[in-house]
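Engineer: Quick one, entry_37.txt (compact mmCIF, C-alpha atoms):
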```txt
# COMPACT_ATOMS: atom_id res chain seq x y z
CA MET A 1 173.80 84.35 146.84
CA ASN A 2 177.54 85.21 146.94
CA ALA A 3 179.56 86.96 149.62
CA LEU A 4 179.51 90.28 147.78
CA THR A 5 175.73 90.54 147.50
CA LYS A 6 174.84 89.18 150.91
CA PRO A 7 175.78 92.30 153.00
CA ALA A 8 173.83 94.61 150.68
CA ASN A 9 170.75 92.37 150.86
CA ALA A 10 171.06 92.11 154.62
CA ALA A 11 171.29 95.89 154.93
CA GLU A 12 168.24 96.25 152.69
CA ALA A 13 166.31 93.80 154.86
CA ARG A 14 167.24 95.70 158.04
CA ARG A 15 166.24 98.99 156.44
CA ALA A 16 162.86 97.57 155.37
CA ALA A 17 162.23 96.25 158.87
CA ARG A 18 163.18 99.60 160.39
CA ASP A 19 161.20 101.79 157.97
CA HIS A 20 158.01 99.76 157.67
CA ILE A 21 156.34 101.86 160.36
CA ALA A 22 156.62 104.90 158.08
CA THR A 23 154.69 103.19 155.28
CA PRO A 24 151.38 105.03 154.86
CA ARG A 25 148.07 103.25 154.71
CA LEU A 26 147.34 101.96 151.24
CA GLU A 27 144.65 103.55 149.14
CA THR A 28 142.12 101.18 147.59
CA PRO A 29 141.33 101.24 143.86
CA PHE A 30 138.10 103.14 144.67
CA HIS A 31 139.80 105.76 146.87
CA PRO A 32 139.73 108.57 144.27
CA ARG A 33 135.93 108.36 144.19
CA LEU A 34 135.56 108.04 147.97
CA SER A 35 137.88 110.96 148.73
CA ALA A 36 135.97 113.16 146.27
CA LEU A 37 132.74 112.42 148.18
CA ASP A 38 134.27 112.70 151.65
CA ALA A 39 132.95 115.57 153.77
CA VAL A 40 134.02 114.60 157.30
CA ASN A 41 137.58 113.20 157.01
CA ASP A 42 136.73 110.20 159.21
CA TRP A 43 139.07 107.43 158.08
CA TYR A 44 140.30 104.27 159.81
CA ASN A 45 142.69 101.42 159.10
CA TRP A 46 141.24 98.27 157.55
CA ALA A 47 143.82 95.60 156.81
CA GLY A 48 146.42 98.27 156.08
CA CYS A 49 144.11 100.29 153.86
CA LYS A 50 142.54 103.70 154.30
CA ALA A 51 138.79 103.17 154.72
CA PRO A 52 135.97 105.55 155.76
CA HIS A 53 134.01 105.29 158.99
CA ALA A 54 131.64 107.75 157.37
CA LEU A 55 131.69 109.98 154.31
CA PHE A 56 129.04 112.57 155.15
CA ASP A 57 126.57 111.42 157.85
CA GLU A 58 126.38 108.01 159.52
CA GLU A 59 122.59 108.05 159.96
CA LEU A 60 121.84 109.16 156.41
CA GLU A 61 124.23 106.50 155.15
CA TYR A 62 122.35 103.90 157.20
CA PHE A 63 119.03 104.96 155.69
CA ALA A 64 120.56 104.74 152.21
CA ILE A 65 121.13 101.04 152.85
CA ARG A 66 117.62 100.47 154.13
CA SER A 67 115.73 102.83 151.78
CA THR A 68 117.57 103.18 148.48
CA ALA A 69 121.02 101.87 147.47
CA ALA A 70 124.47 102.13 149.00
CA LEU A 71 128.00 101.51 147.70
CA PHE A 72 130.60 100.23 150.17
CA ASP A 73 134.23 99.60 149.25
CA ILE A 74 135.17 96.04 150.27
CA SER A 75 138.54 95.98 148.50
CA PRO A 76 140.52 95.66 151.79
CA MET A 77 138.73 92.38 152.55
CA VAL A 78 141.39 89.66 152.47
CA LYS A 79 141.00 87.46 149.39
CA TYR A 80 142.75 84.18 148.57
CA ARG A 81 142.61 82.34 145.25
CA ILE A 82 142.77 78.58 145.77
CA ASP A 83 142.93 76.20 142.81
CA GLY A 84 144.52 72.97 141.65
CA PRO A 85 143.57 69.29 141.40
CA ASP A 86 143.13 68.95 145.19
CA ALA A 87 141.44 72.33 145.85
CA GLU A 88 138.05 70.86 146.83
CA ARG A 89 139.66 68.18 149.01
CA TYR A 90 141.91 70.78 150.65
CA LEU A 91 139.08 73.19 151.47
CA ASN A 92 136.91 70.36 152.74
CA ARG A 93 139.74 69.45 155.11
CA LEU A 94 140.20 73.08 156.15
CA THR A 95 136.66 74.40 156.67
CA LEU A 96 133.60 73.34 158.65
CA ARG A 97 131.05 72.92 155.85
CA ASP A 98 131.02 70.22 153.19
CA VAL A 99 132.60 71.86 150.15
CA ARG A 100 131.47 68.96 147.96
CA LYS A 101 127.93 70.33 148.29
CA LEU A 102 128.94 73.78 147.04
CA GLY A 103 128.10 73.98 143.36
CA VAL A 104 130.05 75.89 140.72
CA GLY A 105 128.72 79.46 140.58
CA ARG A 106 127.70 79.43 144.24
CA VAL A 107 128.96 80.97 147.49
CA HIS A 108 128.61 79.78 151.06
CA TYR A 109 129.42 81.23 154.46
CA THR A 110 131.87 79.13 156.42
CA ALA A 111 134.54 79.14 159.13
CA TRP A 112 137.76 77.30 159.92
CA CYS A 113 139.43 76.21 163.15
CA ASP A 114 142.76 75.14 164.56
CA ASP A 115 143.34 71.55 165.66
CA ASP A 116 141.79 72.30 169.07
CA GLY A 117 138.54 73.36 167.42
CA HIS A 118 138.98 77.08 168.14
CA VAL A 119 137.73 79.39 165.40
CA LEU A 120 140.50 81.05 163.38
CA ASP A 121 138.14 83.13 161.23
CA ASP A 122 134.89 83.11 159.29
CA GLY A 123 134.27 84.20 155.72
CA THR A 124 132.76 83.40 152.35
CA LEU A 125 133.90 80.71 149.94
CA PHE A 126 133.23 81.31 146.22
CA ARG A 127 133.30 78.32 143.86
CA LEU A 128 134.34 79.86 140.55
CA GLY A 129 135.09 76.56 138.82
CA ASP A 130 135.30 72.84 139.46
CA GLN A 131 138.63 73.25 141.27
CA ASP A 132 138.82 77.06 141.43
CA PHE A 133 137.84 78.94 144.60
CA ARG A 134 138.09 82.36 146.20
CA LEU A 135 138.15 82.59 150.01
CA CYS A 136 137.28 85.98 151.54
CA CYS A 137 137.85 86.74 155.20
CA GLN A 138 138.67 89.35 157.84
CA GLU A 139 142.19 88.38 158.89
CA ARG A 140 145.30 87.25 156.99
CA HIS A 141 146.02 83.50 157.15
CA LEU A 142 148.48 82.70 154.39
CA PRO A 143 151.00 80.80 156.59
CA TRP A 144 148.19 78.71 158.10
CA LEU A 145 146.63 78.04 154.70
CA LEU A 146 149.98 76.99 153.22
CA ASP A 147 150.84 74.72 156.16
CA SER A 148 147.40 73.09 155.90
CA ALA A 149 148.03 72.30 152.22
CA PHE A 150 151.06 70.10 152.88
CA GLY A 151 151.00 67.04 150.62
CA LEU A 152 148.14 68.33 148.44
CA ALA A 153 148.24 69.55 144.83
CA VAL A 154 146.83 73.00 145.39
CA ASP A 155 147.94 76.56 144.61
CA ILE A 156 147.19 79.26 147.19
CA ARG A 157 147.89 82.94 146.62
CA GLU A 158 146.65 86.18 148.09
CA GLU A 159 144.90 88.48 145.60
CA THR A 160 143.69 91.21 147.97
CA GLU A 161 145.45 94.04 146.15
CA GLU A 162 144.85 92.62 142.67
CA ILE A 163 141.05 92.35 142.97
CA ALA A 164 138.85 95.34 143.78
CA GLY A 165 135.49 94.74 145.41
CA VAL A 166 132.42 96.87 146.06
CA ALA A 167 129.16 96.01 147.83
CA LEU A 168 125.93 97.38 146.34
CA GLN A 169 123.23 97.03 149.00
CA GLY A 170 119.66 98.18 149.54
CA PRO A 171 116.14 97.85 148.11
CA THR A 172 117.01 99.62 144.84
CA SER A 173 120.28 97.75 144.32
CA TYR A 174 118.86 95.48 141.63
CA ALA A 175 117.31 98.47 139.86
CA VAL A 176 120.78 100.01 139.75
CA LEU A 177 122.27 96.83 138.25
CA ALA A 178 119.49 96.66 135.66
CA LYS A 179 119.98 100.32 134.70
CA ALA A 180 123.76 99.72 134.46
CA GLY A 181 123.18 97.00 131.87
CA PHE A 182 123.73 93.86 133.96
CA SER A 183 121.21 91.85 131.96
CA GLY A 184 120.47 88.54 133.69
CA ALA A 185 121.17 89.77 137.23
CA GLU A 186 117.49 89.23 138.00
CA ARG A 187 118.09 85.47 137.82
CA LEU A 188 120.69 85.50 140.60
CA LYS A 189 119.32 83.82 143.71
CA PRO A 190 120.88 84.45 147.15
CA PHE A 191 124.47 83.13 147.13
CA ASP A 192 124.55 82.78 143.33
CA ILE A 193 127.49 84.06 141.25
CA GLY A 194 127.25 85.60 137.81
CA SER A 195 129.79 86.87 135.30
CA PHE A 196 129.06 90.00 133.26
CA ALA A 197 130.89 92.01 130.61
CA HIS A 198 132.66 95.13 131.86
CA ASP A 199 135.32 97.46 130.45
CA GLY A 200 136.66 94.96 127.94
CA GLY A 201 136.74 92.17 130.55
CA THR A 202 134.36 90.69 133.09
CA VAL A 203 132.99 91.51 136.52
CA THR A 204 132.04 88.78 138.99
CA VAL A 205 128.74 89.55 140.74
CA SER A 206 127.49 87.55 143.73
CA ARG A 207 124.17 88.00 145.46
CA THR A 208 125.75 88.39 148.88
CA GLY A 209 126.31 91.12 151.43
CA PHE A 210 126.71 92.02 155.08
CA THR A 211 123.55 94.06 155.61
CA GLY A 212 120.69 91.54 155.74
CA ASP A 213 119.14 93.41 152.81
CA LEU A 214 118.84 92.88 149.09
CA GLY A 215 122.34 93.29 147.78
CA TYR A 216 125.28 92.25 145.65
CA GLU A 217 129.07 92.16 145.78
CA LEU A 218 131.06 92.93 142.63
CA PHE A 219 134.69 91.98 141.98
CA VAL A 220 136.93 93.21 139.15
CA PRO A 221 140.67 93.48 138.42
CA ARG A 222 142.15 96.57 140.02
CA GLN A 223 142.49 98.49 136.75
CA ALA A 224 138.75 98.13 136.03
CA ALA A 225 137.63 99.46 139.43
CA LEU A 226 136.96 103.13 138.63
CA PRO A 227 134.99 102.38 135.45
CA LEU A 228 132.85 99.98 137.52
CA TRP A 229 132.21 102.61 140.20
CA ASP A 230 131.28 105.19 137.55
CA ARG A 231 128.99 102.72 135.81
CA LEU A 232 127.08 102.00 139.03
CA TRP A 233 127.10 105.64 140.19
CA THR A 234 125.65 106.90 136.92
CA ALA A 235 123.00 104.15 136.84
CA GLY A 236 122.08 104.84 140.48
CA ALA A 237 121.51 108.57 140.08
CA ASP A 238 117.74 108.09 139.78
CA HIS A 239 117.64 105.44 142.50
CA GLY A 240 119.08 107.37 145.46
CA ILE A 241 122.51 105.77 145.42
CA ARG A 242 125.00 106.92 148.08
CA ALA A 243 128.50 105.94 149.10
CA ILE A 244 128.77 104.79 152.73
CA GLY A 245 131.35 104.03 155.41
CA TYR A 246 131.70 101.22 157.91
CA ALA A 247 129.69 102.86 160.70
CA ALA A 248 126.45 102.63 158.70
CA LEU A 249 127.27 99.11 157.49
CA ASN A 250 127.94 98.04 161.08
CA ARG A 251 124.45 99.15 162.12
CA THR A 252 122.83 96.99 159.50
CA ARG A 253 125.01 93.94 160.19
CA ILE A 254 123.98 94.09 163.86
CA GLU A 255 120.31 94.26 162.83
CA ALA A 256 120.98 91.21 160.64
CA GLY A 257 122.61 89.41 163.59
CA PHE A 258 125.93 88.89 161.78
CA ILE A 259 129.14 88.56 163.78
CA VAL A 260 132.56 90.14 163.20
CA ALA A 261 135.90 88.49 163.96
CA ASN A 262 137.84 90.16 166.78
CA ALA A 263 134.73 92.14 167.72
CA ASP A 264 132.10 89.56 168.67
CA PHE A 265 134.69 86.84 169.19
CA VAL A 266 138.47 86.69 169.38
CA THR A 267 140.15 84.60 166.71
CA ALA A 268 142.42 81.79 167.86
CA GLU A 269 145.54 83.43 166.41
CA ALA A 270 144.75 86.84 167.96
CA ALA A 271 143.84 85.61 171.45
CA LEU A 272 146.44 86.39 174.14
CA ARG A 273 144.66 84.46 176.90
CA ALA A 274 143.63 80.82 176.82
CA ASP A 275 140.06 81.55 177.94
CA ARG A 276 139.39 84.00 175.09
CA VAL A 277 139.27 81.45 172.26
CA ARG A 278 135.92 80.07 171.10
CA LEU A 279 134.57 76.87 169.58
CA PRO A 280 132.05 77.27 166.73
CA ASP A 281 129.15 76.27 169.01
CA GLU A 282 130.12 79.06 171.43
CA ILE A 283 129.62 81.83 168.86
CA GLY A 284 126.49 80.60 167.11
CA LEU A 285 128.28 78.79 164.28
CA ASP A 286 127.23 75.28 165.29
CA TRP A 287 125.02 75.08 162.16
CA LEU A 288 128.11 75.28 159.96
CA VAL A 289 129.64 72.09 161.36
CA ASP A 290 129.03 69.04 159.16
CA PRO A 291 130.00 66.01 161.25
CA ASP A 292 129.19 63.60 158.42
CA LYS A 293 131.82 64.86 156.00
CA PRO A 294 135.46 63.61 155.96
CA ASN A 295 137.81 64.76 158.70
CA PHE A 296 138.40 68.50 159.06
CA ASN A 297 140.50 70.72 161.32
CA GLY A 298 139.22 70.62 164.90
CA ARG A 299 136.56 67.94 164.27
CA ARG A 300 137.38 65.77 167.26
CA ALA A 301 137.59 68.69 169.71
CA ILE A 302 134.29 70.20 168.47
CA LEU A 303 132.37 66.93 168.66
CA ASP A 304 133.93 65.97 172.01
CA ALA A 305 132.82 69.31 173.49
CA ARG A 306 129.27 68.62 172.32
CA ARG A 307 129.26 65.05 173.57
CA ASN A 308 130.83 65.84 176.94
CA GLN A 309 128.85 69.10 177.36
CA THR A 310 132.00 71.11 178.08
CA LEU A 311 131.00 74.19 176.08
CA LYS A 312 131.67 77.29 178.20
CA HIS A 313 130.06 80.15 176.28
CA VAL A 314 127.04 81.03 174.17
CA LEU A 315 126.36 83.93 171.82
CA VAL A 316 122.83 85.35 172.07
CA GLY A 317 120.66 88.16 170.80
CA LEU A 318 119.28 90.54 173.41
CA GLU A 319 116.44 93.03 173.44
CA ILE A 320 117.06 95.71 176.07
CA GLU A 321 114.58 98.12 177.59
CA GLY A 322 115.01 101.79 176.78
CA ASN A 323 116.71 103.31 173.77
CA ILE A 324 120.36 103.71 174.86
CA PRO A 325 122.68 101.22 173.08
CA ALA A 326 124.43 98.89 175.50
CA GLU A 327 127.69 98.40 173.62
CA HIS A 328 130.38 96.73 175.76
CA ALA A 329 128.01 96.61 178.74
CA PHE A 330 128.24 93.90 181.37
CA VAL A 331 125.37 91.44 181.52
CA TYR A 332 124.17 90.27 184.94
CA HIS A 333 121.84 87.55 186.15
CA ARG A 334 119.33 88.84 188.70
CA GLY A 335 121.25 92.09 188.68
CA LYS A 336 124.06 90.64 190.80
CA ARG A 337 126.00 87.76 189.23
CA GLU A 338 128.11 88.64 186.18
CA ALA A 339 126.94 86.58 183.21
CA GLY A 340 128.77 87.98 180.20
CA LEU A 341 129.46 90.96 177.96
CA VAL A 342 127.66 92.78 175.16
CA THR A 343 129.87 92.69 172.04
CA ALA A 344 127.72 94.84 169.70
CA ALA A 345 124.66 97.00 170.28
CA ILE A 346 122.41 99.46 168.48
CA TRP A 347 119.09 101.21 168.70
CA SER A 348 117.55 99.78 165.54
CA PRO A 349 115.66 102.39 163.51
CA THR A 350 114.10 99.64 161.39
CA ALA A 351 113.05 97.27 164.18
CA LYS A 352 112.34 100.15 166.63
CA ARG A 353 114.09 98.11 169.32
CA ASN A 354 117.21 98.39 171.46
CA VAL A 355 119.12 95.25 170.43
CA ALA A 356 122.48 93.69 171.16
CA ILE A 357 124.69 90.67 170.56
CA ALA A 358 126.21 89.28 173.76
CA SER A 359 128.65 86.56 174.75
CA LEU A 360 127.41 84.84 177.91
CA ASP A 361 129.03 82.27 180.18
CA ARG A 362 127.11 79.02 180.31
CA PRO A 363 124.71 78.10 181.84
CA TYR A 364 123.52 81.70 181.42
CA GLY A 365 121.80 81.97 178.09
CA THR A 366 121.03 78.25 178.02
CA ARG A 367 119.40 77.19 181.32
CA PHE A 368 119.27 80.60 183.02
CA VAL A 369 117.58 82.82 180.45
CA ASP A 370 115.36 84.99 182.62
CA ASP A 371 116.05 87.95 184.90
CA LEU A 372 118.98 89.28 182.85
CA TRP A 373 120.18 92.88 183.21
CA VAL A 374 122.73 95.07 181.46
CA GLU A 375 124.79 97.80 183.09
CA ILE A 376 124.83 100.89 180.86
CA TYR A 377 126.81 104.08 181.46
CA ALA A 378 125.37 107.09 179.63
CA MET A 379 126.94 110.54 179.52
CA ARG A 380 124.60 113.19 180.96
CA GLU A 381 125.99 116.76 181.08
CA LEU A 382 129.62 115.73 181.59
CA LYS A 383 128.76 113.00 184.07
CA TYR A 384 128.26 109.30 183.50
CA GLN A 385 124.98 107.95 184.78
CA LYS A 386 124.78 104.24 185.62
CA MET A 387 121.59 102.49 184.52
CA MET A 388 120.53 98.88 185.04
CA LYS A 389 118.19 97.85 182.23
CA ARG A 390 116.27 94.62 181.80
CA ALA A 391 117.24 92.37 178.90
CA LYS A 392 115.64 89.33 177.34
CA ILE A 393 117.08 86.78 174.95
CA VAL A 394 115.52 87.02 171.49
CA PRO A 395 116.24 85.31 168.15
CA ARG A 396 118.57 86.75 165.55
CA PRO A 397 118.22 88.37 163.05
CA PHE A 398 116.59 91.35 164.72
CA VAL A 399 115.49 92.60 161.27
CA LYS A 400 114.33 90.16 158.59
CA LEU A 401 113.47 91.59 155.18
CA ALA A 402 111.57 89.61 152.56
CA ARG A 403 113.30 91.48 149.74
CA ARG A 404 116.64 89.97 150.74
CA THR A 405 115.65 86.61 149.25
CA ALA A 406 113.01 87.64 146.68
CA THR A 407 113.84 86.30 143.21
CA PRO A 408 113.53 88.07 140.90
CA PRO A 409 114.05 91.19 143.03
CA GLY A 410 111.55 94.01 142.70
CA LEU A 411 112.33 97.12 140.72
CA ARG A 412 111.93 100.26 142.86
```
Transcribe the structure of this file into structure tokens.
Structural biologist:
Amino acid sequence: MNALTKPANAAEARRAARDHIATPRLETPFHPRLSALDAVNDWYNWAGCKAPHALFDEELEYFAIRSTAALFDISPMVKYRIDGPDAERYLNRLTLRDVRKLGVGRVHYTAWCDDDGHVLDDGTLFRLGDQDFRLCCQERHLPWLLDSAFGLAVDIREETEEIAGVALQGPTSYAVLAKAGFSGAERLKPFDIGSFAHDGGTVTVSRTGFTGDLGYELFVPRQAALPLWDRLWTAGADHGIRAIGYAALNRTRIEAGFIVANADFVTAEAALRADRVRLPDEIGLDWLVDPDKPNFNGRRAILDARRNQTLKHVLVGLEIEGNIPAEHAFVYHRGKREAGLVTAAIWSPTAKRNVAIASLDRPYGTRFVDDLWVEIYAMRELKYQKMMKRAKIVPRPFVKLARRTATPPGLR
């Protein structure tokens, strides 16, 4: 850079920093189809993208997931492509599970931590080839991922905007794939990956999802997104297909007992207070930790906390009396001593139960599991009414559907 170009570049950098706030939310590759179906104008920001809370009716969208088939745009989900001679070694060093056990054409759910064992995020790891992976997650982590790769022969790049993704979920989802010409999709077992011809290229289909139901996630290059949507939409016309927003998806993920970063736990990079971070064992992810594999980020801190019994929190499922969701309610022991907080709650139409996910302070939820109460405030004719409702700890998932794992899936 010479002296003549430096001032212009500096001015451009200052202008970009000043004007970034005026940048509108990005539209995903599927936005033209979503906006055409939108009836309520209920949009929110997901990773800088315009995404729908709902498109027509939250409850009807929920029942589309549980009764027929639903399409949900997952393009804003952060996606990293990780490949190179040391890709497996790198990811095994980064994440909690043993990546050596993940076969080509398979996906697994995992998480990764900082050096103190605090969870940075959770997500899914796709093994597309021997040393070719895709990591999908909630938050952006490129600086952390790059720093963690120091000294290793690995290439890491974000492909969030390059790759469009859509989730096809519900009991008729396989029927939609079959009608759309995805021959061989019936052989996909849970967490399998398949590659199918589409629009002169290929579409990657995984038997995964965030609903606890039969379902698939499909990934294509951005330019092939609309033809993929149209292919599924046309095939699903006789199978009750609907487009849905996050509100309906969130209901089903709570029923399935799944957690969301910065909702059910605060990620280590987002936490402003030292007591807000969580170890894997404190948010129900202890089963991901493989202590027998080579060293990984946070290993010593995680195992020391187990050995010394210094874990401070526990994530539990609750069943609450009544039918009023207890979202963000305080949890008390014996109705007096504060024990924790509800992070997600729903009246489950499928389970016919009032259920919640809650973060409790130990020993509540471990030794003290009885006589728990939640404090709910319900609006009644412009006045909040305080209600103390009994709660009991129950296993997750709250809804378990046999069709989620049936192979081959049934045609409906």
Engineer: Looking at A:Met387, A:Ile193, A:Ala149, A:Ile82, which one is nearest to Leu135 (chain A), with distances taken over only C-alpha atoms?
Structural biologist: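 Checking each of A:Met387, A:Ile193, A:Ala149, A:Ile82 against Leu135 (chain A), counting only C-alpha atoms, the winner is A:Ile82.
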Engineer: Counting all atoms listed in the file, what is within 6 Å of region 241-243 of chain A, bar same-chain residues fewer than 4 positions away, as a count of residues only?
Structural biologist: 4
Engineer: Excluding region 201-215 of chain A and residues on its chain fewer than 4 positions from it, collect all residues at most 9 Å away from it, counting only C-alpha atoms, and give them as a VMD selection string.
Structural biologist: chain A and resid 65 to 66 69 105 to 107 126 167 to 174 185 188 to 197 219 to 221 224 228 249 to 258 397 399 to 406 409
Engineer: Have a look at A:Ala270, A:Leu279, A:Ile320, A:Ile244 and name the one nearest to Tyr62 (chain A); count all atoms listed in the file.
Structural biologist: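 Ranked by minimum distance to Tyr62 (chain A), first place goes to A:Ile244.
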Engineer: Of the candidates A:Glu27, A:Asp132, A:Asp292, A:Glu59, which one gets nearest to Tyr44 (chain A) if we count all atoms listed in the file?
Structural biologist: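 Nearest to Tyr44 (chain A): A:Glu27.
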